[in-house]
Amino acid sequence: MSVATETPVAGIADAHKAGDWLLIATAVLLCVWVLLPIYLLIVNALSSPDQVTAFPKRFFPSFDLGSLSFFINFAGVARALWNSVIVATLTMILAIGFGAPAGYALSRFDFPGKGTFRFLVLMTRAFPLPLLALPLAVMFIRTGLDDTAIGLALVHTTLALPFAVLITFSLFSCIPVELEEAAWTLGCTRWQAFRKVILPLALPGIAASAVFAFTISWNEVFAAAVLTIENRTLTAFLLQSLGESPLYLKFAGGAALVVPALIFIFAVRKYLFAMWGIANR
Amino acid sequence: MHGKALPYLLLMPATLFLCIFFLYPFALVAFEAVTRDGAFTFDNFRTMAGSWKFPVTVRNTLLLAAIVVPIQLTMALLMASVVSRLETGRSAALYVFAIPLGISDLAAGLIWLAIFDQSGFLNTLLSSLGVVDRPVMFLGYQSKLTIFIAVALAEIWRATAIMMVILVAGMGLIPKEYYEAAEVFGASPWQRFVRITLPLLRPSLQTAIILRVILAFEVFAVVAALGGTNLPVLMGETYNWQFTLQDRNVAAASALLILAISIGFTLFFLRVLRVPKEARI
């Protein structure tokens, strides 16, 4: 009865309230969809090998470190982890080292050829880049870069460089050029103005794009599996032992890949939009 | 430093790098695909297409993309709409939705293996509900359909985030006034979405779809983790030609095919979702 006597305004408020609940329910449901599978992997990684292969499964971890210690002590894993860190660090340095100057140039200068360079960078996105590891494998054998961390890092840099360029471009574009000009009038050289005024402002963003470059390399599978034999990264190691390794090794390995990724994404969460939003322009 | 030369100096490292590690290997892969022992030939493509696996491989890859991408587009639009309307918990929801962005495709495959494996969580759930009396083998060589579903789910889970982030960034660019005006004229939320959000989001939709379709043709590690060789896809076959069958030239032909499909679809979506310059925000 009360519905009929309510004023239209109250009716709209009710509709808004129902809409709010629907919105929150959808948000929660989508969060569960993302988080639940990760949780289940972690449950497996924190259970003993027997529990992982047992049936039925428990939906809570027993906090047994058996699987993880088996994984860490498994022949080749520690080295693969170390290789992954080295390759990702090199990728990070190369991508920022080459990308940041280009991003700065794009944001501060107008010059002939700018459009061509942007096109080259954007074009890399239209290609399945890991495939380029195939011809590079031969080139690397000739130059002695085969099966080395730096060789793989160079390929991973082709994946990370376009992002580094576009992110740093958007970062520098957000810093008013007037700040730099003020420093010049006060007697700074172009380099001093950059180092003392612009760099401190851009540093958090540059760090975020460095973390992003690290993540790209950390996660890459195909090129890593093609280009490394002795010095396999963690992804290459896991891929090539999929056939013979027991379940608990796979799940512990999966968790070892996922947990750092969670931290990386958390660290760069503020900059995710600068990274991808730029794709619109 | 001369003002005119500076931007070119800053761009030089990135340009040189992309020429050596992007354009040059691209030329190499094309060259290797159409030669054998130094002589021009189409034999590599004939060998590739003559393999009994080839039709299945192409079909699997295209079918997977055709099913996964539309679902992801819908989910990404839903996630982006939810995020843009949430008042409290907005940044938390964004972070959670973005998590899969940092997760390797191999790790995603392993995560869904924990669910679909014979002793996995799905079987545990089904048997505790009494749906099945003993664990079902979802990922065996006889159950191609369930392998396909598992791979599709893992892909949807993993790669929706990338579209979501692009769309959220795009929605942020749409002026609020349009929505206010539509509300004044009595447009329902759905009408606002269809008449304002979708048309104005076209540049972001274009970017998101192109990126995602290219990634869909690169599907590799998810399939390797879940299906092994039971669900052959193009990228996996390329890897096989290179390693198991040790034939670089056919592998190059296969890589070129993936590149050609990717470029074809990129051009297609650039044309279909073209945004006239004067219609941009």
# chains A, B, ... in the order shown; residues from 1 in each chain; ligands from 1
call {"tool": "residues_around", "arguments": {"residues": "stretch 65-73 of chain B", "least_positions_apart": "5", "cutoff": "6 Å", "atoms": "only C-alpha atoms", "output": "MDAnalysis selection string"}}
result
chainID B and resid 156 160 216
call {"tool": "write_last_selection", "arguments": {"atoms": "N, CA and C atoms", "output": "mmCIF file, in the first residue's frame"}}
result
data_model
loop_
_atom_site.group_PDB
_atom_site.id
_atom_site.type_symbol
_atom_site.label_atom_id
_atom_site.label_comp_id
_atom_site.auth_asym_id
_atom_site.auth_seq_id
_atom_site.Cartn_x
_atom_site.Cartn_y
_atom_site.Cartn_z
ATOM 1 N N ILE B 156 39.477 -15.264 -20.883
ATOM 2 C CA ILE B 156 38.552 -14.204 -20.493
ATOM 3 C C ILE B 156 38.980 -13.628 -19.147
ATOM 4 N N THR B 160 40.752 -9.573 -19.817
ATOM 5 C CA THR B 160 39.703 -8.563 -19.845
ATOM 6 C C THR B 160 40.222 -7.253 -19.269
ATOM 7 N N ALA B 216 44.809 -12.212 -28.886
ATOM 8 C CA ALA B 216 44.066 -13.466 -28.988
ATOM 9 C C ALA B 216 44.729 -14.428 -29.981
#
call {"tool": "select_by_dssp", "arguments": {"residues": "stretch 24-238 of chain B", "states": "strand (DSSP E)", "output": "list in words"}}
result
Thr35, Arg36, Ala39 and Phe40 of chain B
call {"tool": "atom_distance", "arguments": {"atom1": "atom CA of A:Leu136", "atom2": "atom CA of B:Leu256"}}
result
14.5 Å
call {"tool": "residues_around", "arguments": {"residues": "A:Thr235", "least_positions_apart": "6", "cutoff": "12 Å", "atoms": "only C-alpha atoms", "output": "ChimeraX atom specification"}}
result
/A:77,80-85,87-88,216-226,228,241-242,250,253-258 /B:103-110,221-222,225
call {"tool": "write_last_selection", "arguments": {"atoms": "C-alpha atoms", "output": "mmCIF file, in the first residue's frame"}}
result
data_model
loop_
_atom_site.group_PDB
_atom_site.id
_atom_site.type_symbol
_atom_site.label_atom_id
_atom_site.label_comp_id
_atom_site.auth_asym_id
_atom_site.auth_seq_id
_atom_site.Cartn_x
_atom_site.Cartn_y
_atom_site.Cartn_z
ATOM 1 C CA VAL A 77 64.413 -23.522 -10.141
ATOM 2 C CA ALA A 80 65.614 -19.862 -13.263
ATOM 3 C CA LEU A 81 64.254 -17.433 -10.675
ATOM 4 C CA TRP A 82 67.574 -15.606 -10.630
ATOM 5 C CA ASN A 83 67.661 -15.474 -14.451
ATOM 6 C CA SER A 84 64.141 -14.040 -14.505
ATOM 7 C CA VAL A 85 65.191 -11.253 -12.135
ATOM 8 C CA VAL A 87 66.531 -10.383 -17.506
ATOM 9 C CA ALA A 88 63.688 -8.277 -16.115
ATOM 10 C CA ILE A 216 56.342 -7.363 -18.951
ATOM 11 C CA SER A 217 59.662 -9.204 -18.984
ATOM 12 C CA TRP A 218 58.886 -11.235 -15.860
ATOM 13 C CA ASN A 219 55.710 -12.567 -17.462
ATOM 14 C CA GLU A 220 56.864 -13.201 -21.017
ATOM 15 C CA VAL A 221 56.825 -16.853 -22.048
ATOM 16 C CA PHE A 222 57.266 -17.422 -25.785
ATOM 17 C CA ALA A 223 60.469 -15.477 -26.501
ATOM 18 C CA ALA A 224 61.969 -16.698 -23.237
ATOM 19 C CA ALA A 225 61.312 -20.316 -24.202
ATOM 20 C CA VAL A 226 62.698 -19.789 -27.719
ATOM 21 C CA THR A 228 67.108 -19.633 -23.637
ATOM 22 C CA SER A 241 58.667 -28.885 -17.665
ATOM 23 C CA LEU A 242 54.850 -28.800 -17.971
ATOM 24 C CA LYS A 250 53.262 -26.440 -11.300
ATOM 25 C CA GLY A 253 55.650 -22.266 -9.729
ATOM 26 C CA GLY A 254 52.440 -20.510 -10.716
ATOM 27 C CA ALA A 255 52.268 -18.855 -7.300
ATOM 28 C CA ALA A 256 55.907 -17.778 -7.627
ATOM 29 C CA LEU A 257 54.943 -16.019 -10.877
ATOM 30 C CA VAL A 258 51.712 -14.494 -9.554
ATOM 31 C CA ILE B 103 49.643 -11.903 -14.499
ATOM 32 C CA SER B 104 51.547 -13.986 -17.013
ATOM 33 C CA ASP B 105 49.528 -16.075 -19.452
ATOM 34 C CA LEU B 106 51.392 -19.127 -18.204
ATOM 35 C CA ALA B 107 50.401 -18.338 -14.611
ATOM 36 C CA ALA B 108 46.801 -17.807 -15.737
ATOM 37 C CA GLY B 109 46.855 -21.240 -17.350
ATOM 38 C CA LEU B 110 48.178 -22.780 -14.133
ATOM 39 C CA ALA B 221 50.988 -20.511 -22.744
ATOM 40 C CA VAL B 222 47.410 -20.760 -21.463
ATOM 41 C CA ALA B 225 49.238 -25.270 -19.462
#
call {"tool": "atom_distance", "arguments": {"atom1": "atom CA of B:Met12", "atom2": "atom CA of A:Ala207"}}
result
22.3 Å
call {"tool": "residues_around", "arguments": {"residues": "B:Ser51", "least_positions_apart": "6", "cutoff": "12 Å", "atoms": "only C-alpha atoms", "output": "PyMOL selection string"}}
result
chain B and resi 44-45+57-58+237+241+245+250+254
call {"tool": "write_last_selection", "arguments": {"atoms": "C-alpha atoms", "output": "PDB file, in the first residue's frame"}}
result
ATOM      1  CA  ASN B  44      57.444 -23.652 -46.508  1.00  0.00           C
ATOM      2  CA  PHE B  45      53.856 -22.496 -46.729  1.00  0.00           C
ATOM      3  CA  THR B  57      44.970 -25.246 -35.593  1.00  0.00           C
ATOM      4  CA  VAL B  58      43.570 -22.371 -37.637  1.00  0.00           C
ATOM      5  CA  GLU B 237      52.421 -24.929 -33.783  1.00  0.00           C
ATOM      6  CA  TRP B 241      58.009 -26.267 -35.986  1.00  0.00           C
ATOM      7  CA  LEU B 245      60.433 -30.474 -35.851  1.00  0.00           C
ATOM      8  CA  VAL B 250      58.349 -23.484 -41.804  1.00  0.00           C
ATOM      9  CA  SER B 254      53.832 -19.957 -39.617  1.00  0.00           C
TER      10      SER B 254
END
call {"tool": "residues_around", "arguments": {"residues": "B:Leu205", "least_positions_apart": "6", "cutoff": "10 Å", "atoms": "only C-alpha atoms", "output": "PyMOL selection string"}}
result
(chain A and resi 280) or (chain B and resi 73+77+163-164+166-167+170+198-199+211+269+273)
call {"tool": "residues_around", "arguments": {"residues": "B:Leu139", "least_positions_apart": "2", "cutoff": "9 Å", "atoms": "only C-alpha atoms", "output": "JSON, numbers by chain"}}
result
{"B": [113, 116, 117, 118, 136, 137, 141, 142, 143, 144, 146, 147, 150, 226, 227, 230]}
call {"tool": "write_last_selection", "arguments": {"atoms": "N, CA and C atoms", "output": "short mmCIF file (atom, residue, chain, number, x, y, z; two decimals), in the first residue's frame"}}
result
data_model
loop_
_atom_site.label_atom_id
_atom_site.label_comp_id
_atom_site.auth_asym_id
_atom_site.auth_seq_id
_atom_site.Cartn_x
_atom_site.Cartn_y
_atom_site.Cartn_z
N LEU B 113 44.23 -24.40 -14.25
CA LEU B 113 44.52 -25.83 -14.11
C LEU B 113 44.14 -26.30 -12.71
N PHE B 116 40.35 -26.85 -13.03
CA PHE B 116 39.82 -27.86 -13.95
C PHE B 116 40.51 -29.22 -13.89
N ASP B 117 41.60 -29.31 -13.14
CA ASP B 117 42.31 -30.57 -13.05
C ASP B 117 41.39 -31.66 -12.47
N GLN B 118 41.77 -32.93 -12.75
CA GLN B 118 40.91 -34.02 -12.28
C GLN B 118 40.74 -34.01 -10.77
N VAL B 136 35.59 -36.02 -12.72
CA VAL B 136 35.55 -36.08 -14.17
C VAL B 136 36.90 -35.64 -14.72
N MET B 137 37.33 -36.24 -15.80
CA MET B 137 38.57 -35.82 -16.44
C MET B 137 38.24 -34.74 -17.46
N TYR B 141 42.55 -36.14 -23.32
CA TYR B 141 42.56 -35.97 -24.77
C TYR B 141 41.22 -36.22 -25.41
N GLN B 142 40.30 -36.84 -24.65
CA GLN B 142 38.99 -37.11 -25.23
C GLN B 142 37.99 -35.99 -24.98
N SER B 143 38.37 -35.03 -24.14
CA SER B 143 37.39 -34.00 -23.79
C SER B 143 37.81 -32.66 -24.38
N LYS B 144 37.83 -32.58 -25.71
CA LYS B 144 38.30 -31.36 -26.37
C LYS B 144 37.41 -30.17 -26.06
N THR B 146 35.68 -29.52 -23.24
CA THR B 146 35.96 -28.91 -21.93
C THR B 146 37.32 -28.23 -21.90
N ILE B 147 38.29 -28.77 -22.65
CA ILE B 147 39.58 -28.07 -22.75
C ILE B 147 39.36 -26.69 -23.35
N ALA B 150 37.76 -24.42 -20.85
CA ALA B 150 38.71 -24.01 -19.82
C ALA B 150 39.66 -22.95 -20.36
N LEU B 226 46.94 -25.81 -20.07
CA LEU B 226 45.66 -26.49 -19.86
C LEU B 226 45.45 -27.67 -20.79
N GLY B 227 45.85 -27.51 -22.05
CA GLY B 227 45.49 -28.54 -23.01
C GLY B 227 46.66 -29.36 -23.53
N ASN B 230 46.57 -31.19 -26.93
CA ASN B 230 45.22 -31.59 -27.31
C ASN B 230 44.42 -30.50 -27.99
#
call {"tool": "closest_residue", "arguments": {"among": "A:Leu90, A:Leu46, A:Val197, A:Leu131", "to": "chain B", "atoms": "only C-alpha atoms"}}
result
A:Leu131
call {"tool": "closest_atom_pairs", "arguments": {"of": "stretch 107-154 of chain B", "to": "stretch 19-43 of chain A", "cutoff": "8 Å", "atoms": "only C-alpha atoms", "output": "JSON lines"}}
result
{"residue": "B:Leu110", "atom": "CA", "partner": "A:Leu41", "partner_atom": "CA", "distance": 7.9}
{"residue": "B:Ile111", "atom": "CA", "partner": "A:Leu41", "partner_atom": "CA", "distance": 5.4}
{"residue": "B:Trp112", "atom": "CA", "partner": "A:Pro37", "partner_atom": "CA", "distance": 6.9}
{"residue": "B:Ala114", "atom": "CA", "partner": "A:Leu41", "partner_atom": "CA", "distance": 6.1}
{"residue": "B:Ile115", "atom": "CA", "partner": "A:Leu40", "partner_atom": "CA", "distance": 7.5}
{"residue": "B:Phe121", "atom": "CA", "partner": "A:Leu40", "partner_atom": "CA", "distance": 7.8}
call {"tool": "select_by_dssp", "arguments": {"residues": "stretch 89-148 of chain B", "states": "helix (DSSP H, G or I)", "output": "ChimeraX atom specification"}}
result
/B:90-102,105-116,121-128,144-148
call {"tool": "closest_residue", "arguments": {"among": "A:Ala78, A:Ile229, A:Leu239, A:Ile86", "to": "chain B", "atoms": "only C-alpha atoms"}}
result
A:Leu239
call {"tool": "closest_residue", "arguments": {"among": "A:Pro246, A:Pro200, A:Gly151, A:Pro176", "to": "A:Ala133", "atoms": "only C-alpha atoms"}}
result
A:Gly151
call {"tool": "closest_residue", "arguments": {"among": "B:Pro7, B:Gly264, B:Pro55, B:Gly130", "to": "chain A", "atoms": "only C-alpha atoms"}}
result
B:Pro7
call {"tool": "atom_distance", "arguments": {"atom1": "atom CA of B:Val131", "atom2": "atom CA of A:Phe59"}}
result
18.1 Å
call {"tool": "closest_residue", "arguments": {"among": "A:Ala102, A:Ala210, A:Leu122, A:Val165", "to": "chain B", "atoms": "only C-alpha atoms"}}
result
A:Ala102
call {"tool": "decode", "arguments": {"residues": "stretch 150-232 of chain A", "atoms": "C-alpha atoms", "output": "PDB file, in the first residue's frame"}}
result
ATOM      1  CA  ILE A 150      71.147  -9.683 -22.319  1.00  0.00           C
ATOM      2  CA  GLY A 151      69.973 -11.314 -25.562  1.00  0.00           C
ATOM      3  CA  LEU A 152      66.569 -12.120 -24.095  1.00  0.00           C
ATOM      4  CA  ALA A 153      66.396  -8.714 -22.408  1.00  0.00           C
ATOM      5  CA  LEU A 154      66.880  -7.059 -25.812  1.00  0.00           C
ATOM      6  CA  VAL A 155      63.826  -8.903 -27.154  1.00  0.00           C
ATOM      7  CA  HIS A 156      61.800  -8.076 -24.052  1.00  0.00           C
ATOM      8  CA  THR A 157      62.795  -4.450 -24.505  1.00  0.00           C
ATOM      9  CA  THR A 158      61.001  -4.354 -27.875  1.00  0.00           C
ATOM     10  CA  LEU A 159      57.888  -5.280 -25.895  1.00  0.00           C
ATOM     11  CA  ALA A 160      58.474  -2.739 -23.122  1.00  0.00           C
ATOM     12  CA  LEU A 161      59.980   0.174 -25.068  1.00  0.00           C
ATOM     13  CA  PRO A 162      56.759   1.397 -26.743  1.00  0.00           C
ATOM     14  CA  PHE A 163      55.105   1.586 -23.327  1.00  0.00           C
ATOM     15  CA  ALA A 164      58.083   3.370 -21.807  1.00  0.00           C
ATOM     16  CA  VAL A 165      58.003   5.955 -24.620  1.00  0.00           C
ATOM     17  CA  LEU A 166      54.272   6.581 -24.360  1.00  0.00           C
ATOM     18  CA  ILE A 167      54.169   6.677 -20.562  1.00  0.00           C
ATOM     19  CA  THR A 168      57.107   9.048 -20.215  1.00  0.00           C
ATOM     20  CA  PHE A 169      55.649  11.156 -23.028  1.00  0.00           C
ATOM     21  CA  SER A 170      52.427  11.598 -21.065  1.00  0.00           C
ATOM     22  CA  LEU A 171      54.354  12.228 -17.839  1.00  0.00           C
ATOM     23  CA  PHE A 172      56.526  14.981 -19.282  1.00  0.00           C
ATOM     24  CA  SER A 173      53.534  16.486 -21.086  1.00  0.00           C
ATOM     25  CA  CYS A 174      51.852  16.941 -17.695  1.00  0.00           C
ATOM     26  CA  ILE A 175      54.761  18.988 -16.330  1.00  0.00           C
ATOM     27  CA  PRO A 176      54.407  22.638 -17.431  1.00  0.00           C
ATOM     28  CA  VAL A 177      57.166  23.765 -19.739  1.00  0.00           C
ATOM     29  CA  GLU A 178      57.124  27.111 -17.859  1.00  0.00           C
ATOM     30  CA  LEU A 179      58.883  25.474 -14.909  1.00  0.00           C
ATOM     31  CA  GLU A 180      61.766  24.589 -17.187  1.00  0.00           C
ATOM     32  CA  GLU A 181      61.804  28.019 -18.768  1.00  0.00           C
ATOM     33  CA  ALA A 182      61.924  29.662 -15.341  1.00  0.00           C
ATOM     34  CA  ALA A 183      64.980  27.564 -14.502  1.00  0.00           C
ATOM     35  CA  TRP A 184      66.659  28.628 -17.763  1.00  0.00           C
ATOM     36  CA  THR A 185      66.110  32.318 -17.018  1.00  0.00           C
ATOM     37  CA  LEU A 186      67.684  31.748 -13.605  1.00  0.00           C
ATOM     38  CA  GLY A 187      70.819  30.554 -15.352  1.00  0.00           C
ATOM     39  CA  CYS A 188      70.372  26.802 -15.535  1.00  0.00           C
ATOM     40  CA  THR A 189      71.518  24.975 -18.631  1.00  0.00           C
ATOM     41  CA  ARG A 190      69.011  22.738 -20.354  1.00  0.00           C
ATOM     42  CA  TRP A 191      70.486  19.661 -18.640  1.00  0.00           C
ATOM     43  CA  GLN A 192      70.570  21.286 -15.187  1.00  0.00           C
ATOM     44  CA  ALA A 193      66.964  22.425 -15.549  1.00  0.00           C
ATOM     45  CA  PHE A 194      65.964  18.923 -16.506  1.00  0.00           C
ATOM     46  CA  ARG A 195      67.879  17.273 -13.675  1.00  0.00           C
ATOM     47  CA  LYS A 196      66.932  19.710 -10.908  1.00  0.00           C
ATOM     48  CA  VAL A 197      63.368  20.663 -11.858  1.00  0.00           C
ATOM     49  CA  ILE A 198      61.789  18.151 -14.198  1.00  0.00           C
ATOM     50  CA  LEU A 199      63.351  14.886 -13.079  1.00  0.00           C
ATOM     51  CA  PRO A 200      62.254  15.098  -9.407  1.00  0.00           C
ATOM     52  CA  LEU A 201      58.680  15.743 -10.566  1.00  0.00           C
ATOM     53  CA  ALA A 202      58.695  12.921 -13.102  1.00  0.00           C
ATOM     54  CA  LEU A 203      60.554  10.381 -10.997  1.00  0.00           C
ATOM     55  CA  PRO A 204      57.582   8.528  -9.432  1.00  0.00           C
ATOM     56  CA  GLY A 205      56.021   8.069 -12.848  1.00  0.00           C
ATOM     57  CA  ILE A 206      59.290   6.928 -14.365  1.00  0.00           C
ATOM     58  CA  ALA A 207      59.664   4.433 -11.532  1.00  0.00           C
ATOM     59  CA  ALA A 208      56.158   3.143 -12.255  1.00  0.00           C
ATOM     60  CA  SER A 209      56.917   2.657 -15.923  1.00  0.00           C
ATOM     61  CA  ALA A 210      60.141   0.887 -14.936  1.00  0.00           C
ATOM     62  CA  VAL A 211      58.133  -1.493 -12.773  1.00  0.00           C
ATOM     63  CA  PHE A 212      55.794  -2.034 -15.693  1.00  0.00           C
ATOM     64  CA  ALA A 213      58.732  -2.904 -17.961  1.00  0.00           C
ATOM     65  CA  PHE A 214      59.974  -5.329 -15.303  1.00  0.00           C
ATOM     66  CA  THR A 215      56.544  -6.990 -15.169  1.00  0.00           C
ATOM     67  CA  ILE A 216      56.342  -7.363 -18.951  1.00  0.00           C
ATOM     68  CA  SER A 217      59.662  -9.204 -18.984  1.00  0.00           C
ATOM     69  CA  TRP A 218      58.886 -11.235 -15.860  1.00  0.00           C
ATOM     70  CA  ASN A 219      55.710 -12.567 -17.462  1.00  0.00           C
ATOM     71  CA  GLU A 220      56.864 -13.201 -21.017  1.00  0.00           C
ATOM     72  CA  VAL A 221      56.825 -16.853 -22.048  1.00  0.00           C
ATOM     73  CA  PHE A 222      57.266 -17.422 -25.785  1.00  0.00           C
ATOM     74  CA  ALA A 223      60.469 -15.477 -26.501  1.00  0.00           C
ATOM     75  CA  ALA A 224      61.969 -16.698 -23.237  1.00  0.00           C
ATOM     76  CA  ALA A 225      61.312 -20.316 -24.202  1.00  0.00           C
ATOM     77  CA  VAL A 226      62.698 -19.789 -27.719  1.00  0.00           C
ATOM     78  CA  LEU A 227      65.866 -17.926 -26.786  1.00  0.00           C
ATOM     79  CA  THR A 228      67.108 -19.633 -23.637  1.00  0.00           C
ATOM     80  CA  ILE A 229      68.362 -23.174 -23.201  1.00  0.00           C
ATOM     81  CA  GLU A 230      70.798 -23.333 -20.287  1.00  0.00           C
ATOM     82  CA  ASN A 231      69.892 -19.960 -18.812  1.00  0.00           C
ATOM     83  CA  ARG A 232      66.159 -20.473 -18.756  1.00  0.00           C
TER      84      ARG A 232
END
